[in-house]
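Chemist: Hey, dropping final13.cif in here, mmCIF, C-alpha atoms:
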data_model
#
loop_
_atom_site.label_atom_id
_atom_site.label_comp_id
_atom_site.auth_asym_id
_atom_site.auth_seq_id
_atom_site.Cartn_x
_atom_site.Cartn_y
_atom_site.Cartn_z
CA MET C 194 83.56 170.65 109.88
CA LYS C 195 80.45 168.53 109.59
CA LYS C 196 81.96 166.75 106.58
CA ALA C 197 85.11 166.08 108.56
CA PHE C 198 83.02 164.73 111.43
CA ILE C 199 81.17 162.39 109.05
CA LEU C 200 84.47 161.09 107.66
CA VAL C 201 85.85 160.47 111.15
CA ALA C 202 82.66 158.68 112.14
CA LEU C 203 82.87 156.57 109.00
CA PHE C 204 86.47 155.55 109.74
CA VAL C 205 85.55 154.71 113.32
CA ALA C 206 82.63 152.56 112.14
CA ILE C 207 84.85 150.70 109.67
CA ALA C 208 87.47 150.10 112.36
CA ILE C 209 84.86 148.82 114.80
CA THR C 210 83.37 146.53 112.15
CA ALA C 211 86.83 145.15 111.29
CA CYS C 212 87.58 144.61 114.96
CA ILE C 213 84.29 142.76 115.48
CA GLN C 214 84.95 140.61 112.41
CA LYS C 215 88.47 139.82 113.62
CA GLN C 216 87.16 138.95 117.07
CA GLY C 217 84.50 136.76 115.49
CA GLU C 218 87.09 134.93 113.41
CA GLY C 219 89.28 134.50 116.49
CA LEU C 220 86.34 133.18 118.50
CA LEU C 221 85.47 130.73 115.73
CA SER C 222 89.06 129.53 115.50
CA SER C 223 89.28 129.19 119.31
CA LYS C 224 86.32 126.81 119.23
CA THR C 225 87.73 124.64 116.43
CA VAL C 226 90.64 122.20 116.57
CA THR C 227 92.03 121.30 113.14
CA VAL C 228 93.67 117.88 113.03
CA MET C 229 95.77 116.62 110.12
CA ILE C 230 95.41 112.85 110.03
CA TYR C 231 95.41 109.73 107.86
CA SER C 232 92.00 108.98 106.34
CA GLU C 233 89.69 106.61 108.25
CA TYR C 234 91.86 106.96 111.34
CA ILE C 235 89.50 108.09 114.08
CA ASP C 236 86.12 106.99 115.41
CA PRO C 237 83.56 109.71 114.49
CA ALA C 238 81.78 108.99 117.78
CA LEU C 239 84.86 110.24 119.63
CA LEU C 240 84.73 113.55 117.77
CA ASP C 241 81.12 114.07 118.84
CA ASP C 242 81.93 113.15 122.42
CA PHE C 243 84.98 115.43 122.44
CA LYS C 244 82.80 118.36 121.34
CA ASP C 245 80.21 117.55 124.00
CA LYS C 246 82.84 117.38 126.74
CA THR C 247 85.08 120.30 125.74
CA GLY C 248 83.06 122.54 123.44
CA TYR C 249 85.69 122.20 120.70
CA LYS C 250 84.63 121.15 117.21
CA VAL C 251 87.20 119.04 115.34
CA GLU C 252 87.92 119.62 111.66
CA LEU C 253 89.94 116.91 109.92
CA GLU C 254 92.45 117.45 107.12
CA LEU C 255 93.08 114.05 105.55
CA TYR C 256 96.13 112.59 103.85
CA GLU C 257 97.11 109.14 102.56
CA ALA C 258 100.92 109.03 102.69
CA GLN C 259 103.74 110.64 104.68
CA GLU C 260 105.16 112.37 101.62
CA GLU C 261 101.79 113.96 100.87
CA MET C 262 101.49 115.20 104.45
CA ILE C 263 104.95 116.83 104.47
CA ALA C 264 104.30 118.44 101.08
CA LYS C 265 101.02 119.91 102.33
CA LEU C 266 102.68 121.35 105.40
CA ILE C 267 105.51 122.91 103.39
CA THR C 268 103.44 124.33 100.53
CA ALA C 269 100.36 125.37 102.51
CA ASP C 270 100.00 127.57 105.55
CA SER C 271 100.85 125.19 108.38
CA GLY C 272 99.03 127.61 110.68
CA LYS C 273 95.75 126.15 109.50
CA TYR C 274 96.51 123.01 111.55
CA ASP C 275 96.63 122.58 115.32
CA VAL C 276 97.40 118.87 115.74
CA ILE C 277 99.34 116.83 113.19
CA ILE C 278 99.21 113.02 113.44
CA ALA C 279 102.56 111.95 111.99
CA SER C 280 104.42 108.68 111.56
CA ASP C 281 107.50 108.27 113.74
CA VAL C 282 109.88 108.18 110.79
CA VAL C 283 109.10 111.78 109.73
CA ILE C 284 108.98 113.44 113.16
CA GLN C 285 112.66 114.46 113.21
CA GLN C 286 112.30 115.82 109.68
CA MET C 287 109.32 117.89 110.85
CA VAL C 288 111.39 119.20 113.77
CA HIS C 289 114.23 120.23 111.44
CA LEU C 290 111.77 121.95 109.10
CA GLY C 291 110.24 123.86 112.00
CA LEU C 292 106.80 122.39 111.38
CA ILE C 293 106.11 121.24 114.95
CA ALA C 294 106.67 122.75 118.39
CA PRO C 295 107.59 121.29 121.79
CA ILE C 296 104.61 119.94 123.74
CA ASP C 297 103.89 121.16 127.26
CA THR C 298 102.86 117.90 128.94
CA ASN C 299 101.84 119.84 132.06
CA LYS C 300 98.75 120.74 130.05
CA ILE C 301 98.09 117.07 129.21
CA PRO C 302 97.54 115.19 132.50
CA ASN C 303 96.82 111.91 130.68
CA HIS C 304 100.33 111.82 129.23
CA VAL C 305 101.18 109.56 132.18
CA ASN C 306 99.16 106.81 130.46
CA VAL C 307 101.78 106.35 127.71
CA ALA C 308 103.44 102.91 128.03
CA SER C 309 107.17 103.02 128.79
CA GLN C 310 108.19 101.23 125.57
CA PHE C 311 106.98 104.25 123.61
CA LEU C 312 109.15 106.70 125.52
CA GLY C 313 112.70 107.68 124.61
CA GLN C 314 112.54 106.22 121.12
CA ALA C 315 114.90 107.42 118.37
CA TYR C 316 112.20 109.46 116.64
CA ASP C 317 111.79 111.63 119.78
CA PRO C 318 114.48 110.64 122.32
CA THR C 319 113.57 113.33 124.87
CA ASN C 320 109.78 112.97 124.42
CA THR C 321 109.65 116.65 123.51
CA TYR C 322 107.64 116.76 120.30
CA SER C 323 105.23 113.85 120.28
CA LEU C 324 102.71 111.72 122.14
CA PRO C 325 101.77 108.33 120.65
CA TYR C 326 98.35 107.95 119.07
CA LEU C 327 98.29 104.35 117.79
CA TRP C 328 100.89 101.83 116.67
CA GLY C 329 100.98 98.97 114.25
CA THR C 330 102.93 96.97 111.70
CA THR C 331 103.27 96.71 107.93
CA GLY C 332 102.96 93.33 106.23
CA ILE C 333 101.30 91.30 103.50
CA LEU C 334 97.54 90.81 103.22
CA TYR C 335 96.74 87.87 100.95
CA ARG C 336 93.85 85.65 99.94
CA GLY C 337 93.75 81.94 100.72
CA GLY C 338 96.89 79.87 100.54
CA LYS C 339 98.16 77.27 103.00
CA PHE C 340 101.05 79.35 104.28
CA HIS C 341 101.92 79.42 107.94
CA PRO C 342 102.11 83.11 108.96
CA ASP C 343 105.71 82.65 110.15
CA SER C 344 106.81 81.21 106.79
CA VAL C 345 105.46 83.92 104.48
CA SER C 346 108.30 85.49 102.52
CA TYR C 347 108.63 88.63 100.41
CA SER C 348 109.19 86.25 97.52
CA LEU C 349 105.43 85.70 97.64
CA LEU C 350 105.18 89.04 95.80
CA PHE C 351 108.65 89.69 94.43
CA ASP C 352 109.16 86.38 92.64
CA ALA C 353 106.88 85.89 89.62
CA LYS C 354 106.97 82.09 90.17
CA ASN C 355 105.11 82.56 93.47
CA THR C 356 102.51 85.21 92.69
CA LYS C 357 99.01 83.85 92.30
CA GLY C 358 97.18 86.95 91.11
CA LYS C 359 97.27 90.76 90.94
CA PHE C 360 99.03 92.50 93.79
CA SER C 361 100.06 96.00 94.84
CA LEU C 362 103.01 97.42 96.71
CA LEU C 363 102.83 100.33 99.16
CA ASN C 364 103.02 103.88 97.82
CA GLU C 365 105.28 105.17 100.64
CA SER C 366 108.87 105.50 99.50
CA ARG C 367 110.69 104.96 102.79
CA SER C 368 108.41 102.09 103.85
CA MET C 369 108.70 100.25 100.55
CA LEU C 370 112.44 100.72 100.18
CA SER C 371 113.02 99.55 103.76
CA MET C 372 110.94 96.43 103.15
CA ALA C 373 112.96 95.73 100.02
CA LEU C 374 116.18 96.15 102.02
CA GLU C 375 114.99 93.54 104.50
CA ALA C 376 113.87 91.27 101.68
CA ILE C 377 117.42 91.14 100.30
CA GLY C 378 118.85 90.47 103.77
CA SER C 379 119.96 94.00 104.65
CA ASP C 380 119.06 96.24 107.57
CA ALA C 381 115.83 98.22 107.05
CA ASN C 382 117.76 101.33 108.16
CA SER C 383 120.78 100.74 105.92
CA THR C 384 122.16 103.83 104.18
CA ARG C 385 124.74 101.95 102.10
CA GLN C 386 124.33 102.94 98.48
CA ASP C 387 125.14 99.46 97.14
CA GLU C 388 122.41 97.92 99.31
CA LEU C 389 119.93 100.64 98.36
CA ASN C 390 120.69 99.96 94.68
CA LYS C 391 119.93 96.26 95.22
CA ALA C 392 116.65 97.17 96.95
CA VAL C 393 115.68 99.28 93.94
CA SER C 394 116.47 96.38 91.60
CA TYR C 395 114.36 94.09 93.79
CA ILE C 396 111.33 96.37 93.48
CA LEU C 397 111.88 96.81 89.74
CA GLN C 398 111.89 93.02 89.44
CA ALA C 399 108.40 92.94 90.99
CA LYS C 400 107.22 95.69 88.62
CA LYS C 401 108.03 93.44 85.65
CA ASP C 402 105.63 90.76 86.91
CA PRO C 403 102.41 90.82 84.80
CA HIS C 404 100.50 90.52 88.08
CA PHE C 405 101.90 93.81 89.43
CA ALA C 406 99.02 96.29 89.72
CA GLY C 407 100.89 99.36 90.96
CA PHE C 408 101.65 101.26 94.15
CA ASP C 409 98.61 101.90 96.33
CA GLY C 410 97.77 103.39 99.68
CA SER C 411 97.15 100.78 102.37
CA ASP C 412 93.40 101.45 102.38
CA ILE C 413 93.09 101.10 98.61
CA GLY C 414 95.13 97.88 98.57
CA LYS C 415 92.93 96.48 101.34
CA ASP C 416 89.72 97.34 99.49
CA LYS C 417 90.93 95.69 96.29
CA VAL C 418 91.93 92.50 98.09
CA ILE C 419 88.48 92.40 99.71
CA SER C 420 86.78 92.87 96.33
CA LYS C 421 88.96 90.08 94.88
CA GLU C 422 90.45 92.45 92.32
CA TYR C 423 93.81 91.83 93.98
CA TRP C 424 95.17 88.60 95.39
CA ALA C 425 97.58 90.38 97.75
CA ALA C 426 98.76 93.80 98.88
CA ILE C 427 101.20 95.35 101.31
CA VAL C 428 99.10 97.06 103.96
CA PHE C 429 99.09 98.31 107.54
CA SER C 430 97.89 95.95 110.25
CA GLY C 431 94.71 97.90 111.00
CA GLU C 432 93.55 97.71 107.42
CA ALA C 433 94.46 94.03 107.36
CA MET C 434 92.21 93.48 110.38
CA ASP C 435 89.37 95.36 108.68
CA ALA C 436 89.77 93.10 105.66
CA ILE C 437 89.84 89.88 107.71
CA ASP C 438 86.75 91.01 109.64
CA THR C 439 85.02 91.34 106.26
CA ASP C 440 86.38 88.12 104.73
CA SER C 441 87.76 85.42 107.04
CA THR C 442 89.55 83.66 104.15
CA LEU C 443 92.08 86.50 104.09
CA HIS C 444 95.39 86.34 106.00
CA TYR C 445 98.01 88.80 107.20
CA ALA C 446 101.67 88.04 107.79
CA ILE C 447 104.87 89.75 108.86
CA PRO C 448 107.37 88.40 106.29
CA ALA C 449 109.98 85.98 107.58
CA GLU C 450 112.79 88.33 106.47
CA GLY C 451 111.39 91.06 108.72
CA SER C 452 109.42 94.28 108.59
CA PHE C 453 108.96 97.24 110.85
CA MET C 454 106.76 98.53 113.62
CA TRP C 455 105.66 102.13 113.56
CA VAL C 456 104.06 104.66 115.84
CA ASP C 457 101.75 107.40 114.68
CA ALA C 458 102.06 110.27 117.10
CA MET C 459 100.25 113.47 117.97
CA THR C 460 102.34 116.58 117.40
CA LEU C 461 101.64 120.28 117.91
CA SER C 462 101.86 122.51 114.85
CA SER C 463 104.46 125.24 115.32
CA LYS C 464 101.88 127.72 114.02
CA ALA C 465 98.84 126.32 115.81
CA LYS C 466 96.11 128.93 116.15
CA ASN C 467 94.43 126.98 118.93
CA PRO C 468 97.09 125.35 121.13
CA ALA C 469 94.63 125.11 124.04
CA GLY C 470 92.27 123.09 121.86
CA ALA C 471 95.20 120.99 120.63
CA TYR C 472 96.17 120.11 124.20
CA ALA C 473 92.56 119.29 125.04
CA PHE C 474 92.41 116.92 122.03
CA MET C 475 95.65 115.15 122.97
CA ASP C 476 94.56 114.75 126.59
CA TYR C 477 91.18 113.38 125.46
CA ILE C 478 92.79 110.75 123.22
CA LEU C 479 95.12 109.65 126.03
CA ASP C 480 92.23 109.02 128.41
CA ALA C 481 92.02 105.27 129.21
CA LYS C 482 88.45 104.77 127.99
CA ASN C 483 88.84 106.95 124.91
CA GLY C 484 92.13 105.31 123.96
CA ALA C 485 90.54 101.87 124.21
CA GLN C 486 87.57 102.94 122.07
CA LEU C 487 89.92 104.43 119.46
CA ALA C 488 92.03 101.27 119.20
CA LYS C 489 89.05 98.94 118.94
CA ALA C 490 87.27 101.13 116.38
CA ILE C 491 90.34 101.52 114.14
CA ASN C 492 91.83 98.04 114.73
CA TYR C 493 95.30 99.22 115.69
CA ALA C 494 97.31 98.55 118.83
CA THR C 495 97.21 101.11 121.63
CA PRO C 496 100.31 102.68 123.19
CA ASN C 497 98.13 103.58 126.19
CA LYS C 498 98.87 101.32 129.17
CA ALA C 499 95.69 102.45 130.95
CA SER C 500 93.61 101.58 127.88
CA LEU C 501 95.22 98.16 127.56
CA GLU C 502 94.27 97.32 131.14
CA ILE C 503 90.55 97.67 130.39
CA MET C 504 90.52 95.92 127.00
CA ASP C 505 89.25 92.38 126.53
CA ASP C 506 91.54 89.39 125.96
CA ASP C 507 90.27 88.84 122.41
CA PHE C 508 91.68 92.21 121.40
CA LYS C 509 94.91 91.87 123.36
CA ASN C 510 95.57 88.37 121.95
CA ASN C 511 94.70 89.22 118.36
CA ARG C 512 97.89 88.44 116.42
CA VAL C 513 97.10 90.81 113.55
CA ILE C 514 96.71 93.79 115.88
CA ASN C 515 99.17 92.80 118.60
CA PRO C 516 102.05 90.78 117.08
CA ASN C 517 103.53 87.95 119.11
CA LYS C 518 107.07 87.80 120.47
CA GLN C 519 108.51 86.03 117.41
CA GLU C 520 107.07 88.64 115.06
CA ILE C 521 108.27 91.54 117.20
CA GLU C 522 111.79 90.08 117.23
CA ARG C 523 111.98 90.32 113.44
CA MET C 524 110.76 93.91 113.28
CA VAL C 525 112.48 97.25 113.86
CA PHE C 526 111.56 100.91 114.07
CA LEU C 527 112.65 102.99 111.08
CA ASN C 528 115.24 105.66 111.87
CA ASP C 529 115.36 109.22 110.63
CA MET C 530 117.80 109.27 107.72
CA GLY C 531 118.92 112.87 108.10
CA GLU C 532 121.01 113.96 105.11
CA LYS C 533 120.81 110.43 103.70
CA GLU C 534 117.10 110.98 103.04
CA LYS C 535 118.00 112.35 99.62
CA ASN C 536 119.46 108.94 98.70
CA PHE C 537 116.07 107.37 99.38
CA ASP C 538 114.34 110.11 97.36
CA GLU C 539 116.63 109.46 94.42
CA ALA C 540 116.13 105.71 94.73
CA TRP C 541 112.37 106.11 94.74
CA MET C 542 112.54 108.31 91.64
CA ILE C 543 114.30 105.43 89.84
CA VAL C 544 111.59 103.02 91.03
CA ASN C 545 108.85 105.27 89.66
CA THR C 546 110.47 106.06 86.32
CA GLN C 547 111.61 102.59 85.24
#
What's the structure tokens form of this structure?
Modeler:
Amino acid sequence: MKKAFILVALFVAIAITACIQKQGEGLLSSKTVTVMIYSEYIDPALLDDFKDKTGYKVELELYEAQEEMIAKLITADSGKYDVIIASDVVIQQMVHLGLIAPIDTNKIPNHVNVASQFLGQAYDPTNTYSLPYLWGTTGILYRGGKFHPDSVSYSLLFDAKNTKGKFSLLNESRSMLSMALEAIGSDANSTRQDELNKAVSYILQAKKDPHFAGFDGSDIGKDKVISKEYWAAIVFSGEAMDAIDTDSTLHYAIPAEGSFMWVDAMTLSSKAKNPAGAYAFMDYILDAKNGAQLAKAINYATPNKASLEIMDDDFKNNRVINPNKQEIERMVFLNDMGEKEKNFDEAWMIVNTQ
């Protein structure tokens, strides 16, 4: 009887210990918001301020390209993330894969600060799954040269007669293929196989140039142009601004044939362990002052109308960060390809293997 009592007591103690441990883990997770995000894409000072104001610590999971992010979410436990910062072009794919959940904007009062032009877009027509974080453009960063920004052509990189030094192309399949489509005079969202084949040939032509240095992430391309290892690179506008701030002899241009605008948006993981913390993070970012600080620190344009109202004219009139009317007219948003996405995957495989 005594032995039985000891065994029961032992089981009770183990159960209590396990319960305490589980509660401790739950408490720890409830005080941490895990955000999946591009590298170098948030002001560390905002993370400290967010913790001071809300009590939530932010842990960042970094990625460099959209394909890498999707692969991580599919192969890893997506429940380890609360907020996922995703490019507009992959949001519908993430919805179809069940990776993100609808957002309850009633829990995000600052959602009213989102500018109207970022509502009802093709990547989230009912504004159900995303809230914009920052937006920008993709273009060519280059050193020197007496080119007017409106006259810069893709031939600057894709025609060996025009290249003046080492250059890199972007390591994002959809982005690079869409730029090649525009370079040959097609729609960036074309799904015609003959046009996609021509875009592949156009990129392969650039790969044959002795100056071609490879496919890089935007941040790596930027760094190598700054260090003078590269003469040019295809980069995002924020990284271009960082480079120009470092070296004023550098230039950034939206090619005359066109390019695309993009929005990186905040989404809620479908398996978020801390949705309350996720909502607090989204609401914090959409605050007017915080949104302005984020945009100025990262050198990207803000989709926050309240933030834009309190920003200085130098920032608002900066052509690299905020493109002018002529540049906007020759840019588009990239559409979700749906089942045609496999055509782009196959095309990119050809680019990488030849």
Chemist: So what do you get for CA of Ile301 in chain C versus CA of Tyr477 in chain C, distance-wise?
Modeler: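 About the pair CA of Ile301 in chain C and CA of Tyr477 in chain C: they are 8.7 Å apart.
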Chemist: Please provide as number ranges by chain all residues within 9 Å of Gly410 in chain C, with the sequence filter that same-chain residues fewer than 5 positions apart are discarded (counting all atoms listed in the file).
Modeler: C: 257-258, 362-365, 415, 427-428
Chemist: Tell me, as a PDB file with C-alpha atoms, keeping the file's coordinate frame, which residues lie within 8 Å of Ser463 in chain C, counting all atoms listed in the file; anything in the same chain fewer than 4 positions away does not count.
Modeler:
ATOM      1  CA  SER C 271     100.850 125.190 108.380  1.00  0.00           C
ATOM      2  CA  GLY C 272      99.030 127.610 110.680  1.00  0.00           C
ATOM      3  CA  GLY C 291     110.240 123.860 112.000  1.00  0.00           C
ATOM      4  CA  LEU C 292     106.800 122.390 111.380  1.00  0.00           C
ATOM      5  CA  ILE C 293     106.110 121.240 114.950  1.00  0.00           C
ATOM      6  CA  ALA C 294     106.670 122.750 118.390  1.00  0.00           C
TER       7      ALA C 294
END
Chemist: Convert the output of the PyMOL selection byres ((chain C and resi 316) around 7) on the shown file into explicit residues, formatted as a list in words.
Modeler: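 In the shown coordinates, the PyMOL selection byres ((chain C and resi 316) around 7) covers Asp281, Val282, Ile284, Gln285, Gln314, Ala315, Asp317, Pro318, Asn528 and Asp529 of chain C.
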Chemist: Go through C:Leu240, C:Ile419, C:Ala458, C:Ile447 one by one, measure the shortest atom-to-atom distance of each to Leu349 in chain C using only C-alpha atoms, and give the residue with the smallest value.
Modeler: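 Closest to Leu349 in chain C of all the choices is C:Ile447.
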Chemist: Can you tell me, as an MDAnalysis selection string, which residues sit within 6 Å of (99.7, 95.4, 97.4) in the file's frame, using only C-alpha atoms?
Modeler: chainID C and resid 360:362 414 425:427
Chemist: I'd like to know which of C:Ser346, C:Thr247, C:Thr331, C:Ser323 is closest to Phe429 in chain C, using all atoms listed in the file.
Modeler: C:Thr331
Chemist: So which residues touch Ile396 in chain C within 8 Å, counting only C-alpha atoms, skipping near sequence neighbours fewer than 3 positions away, as a PyMOL selection string?
Modeler: chain C and resi 351+373+392-393+399-400+544
Chemist: Taking the file as shown, what set of residues would the PyMOL selection byres ((chain C and resi 326) around 7) give back, as a ChimeraX atom specification?
Modeler: /C:324-325,327,457-459,496
Chemist: May I ask which of the residues C:Phe537, C:Phe340, C:Val456, C:Ile333 is the closest one to Ala436 in chain C, counting all atoms listed in the file?
Modeler: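 Among the listed residues, the smallest separation from Ala436 in chain C belongs to C:Ile333.
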Chemist: Nearest residue to Leu527 in chain C out of C:Lys509, C:Lys421, C:His444, C:Arg367, using only C-alpha atoms?
Modeler: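 Among C:Lys509, C:Lys421, C:His444, C:Arg367, it is C:Arg367 that comes nearest to Leu527 in chain C.
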Chemist: Name the residues that the PyMOL selection byres ((chain C and resi 490) around 12) picks from the file above, as a PyMOL selection string, using the file's chain letters and numbers.
Modeler: chain C and resi 233-239+327+431-432+434-435+483-489+491-495+508+514
Chemist: May I ask which of the residues C:Ile521, C:Leu397, C:Ile503, C:Ala469 is the closest one to Pro448 in chain C, counting only C-alpha atoms?
Modeler: C:Ile521
Chemist: Could you list, as a compact mmCIF listing (two decimals) with C-alpha atoms, in the frame of the given file, every residue within 8 Å of range 376-388 of chain C, counting all atoms listed in the file and ignoring same-chain residues fewer than 4 positions away?
Modeler:
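Saved to out04.txt:
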# COMPACT_ATOMS: atom_id res chain seq x y z
CA TYR C 347 108.63 88.63 100.41
CA SER C 371 113.02 99.55 103.76
CA MET C 372 110.94 96.43 103.15
CA ALA C 392 116.65 97.17 96.95
CA TYR C 395 114.36 94.09 93.79
CA GLU C 450 112.79 88.33 106.47
CA GLY C 451 111.39 91.06 108.72
CA SER C 452 109.42 94.28 108.59
CA PHE C 453 108.96 97.24 110.85
CA VAL C 525 112.48 97.25 113.86
CA LEU C 527 112.65 102.99 111.08
CA ASN C 528 115.24 105.66 111.87
CA MET C 530 117.80 109.27 107.72
CA LYS C 533 120.81 110.43 103.70
CA ASN C 536 119.46 108.94 98.70
Chemist: Around (84.3, 118.8, 121.2), as given in the file, which residues come within 10 Å? Count all atoms listed in the file and list them as a list in words.
Modeler: Lys224, Thr225, Val226, Leu239, Leu240, Asp241, Asp242, Phe243, Lys244, Asp245, Lys246, Thr247, Gly248, Tyr249, Lys250, Val251, Gly470, Ala473, Phe474 and Tyr477 of chain C
Chemist: Measuring between only C-alpha atoms, which one of C:Gly329, C:Pro342, C:Gly531, C:Pro302 shows the shortest distance to Ser280 in chain C?
Modeler: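 Using only C-alpha atoms, the shortest distance to Ser280 in chain C belongs to C:Gly329.
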Chemist: Would you list the contacts of Leu461 in chain C as a list in words, taking every protein, DNA or RNA residue within 9 Å and counting all atoms listed in the file, but skipping same-chain residues closer than 6 positions in sequence?
Modeler: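 What passes the distance filter is Tyr274, Asp275, Val276, Ile277, Ile278, Leu292, Ile293, Ala294, Pro295, Ile296, Tyr322, Ser323, Pro468, Ala471 and Tyr472 of chain C.
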Chemist: How far is it from CA of Val228 in chain C to CA of Ala499 in chain C, in Å with one decimal?
Modeler: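 The value is 23.7 Å.
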Chemist: Give me, please, the distance in Å between CA of Val345 in chain C and CA of Met504 in chain C, quoted to one decimal.
Modeler: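 According to the coordinates, CA of Val345 in chain C and CA of Met504 in chain C are separated by 29.6 Å.
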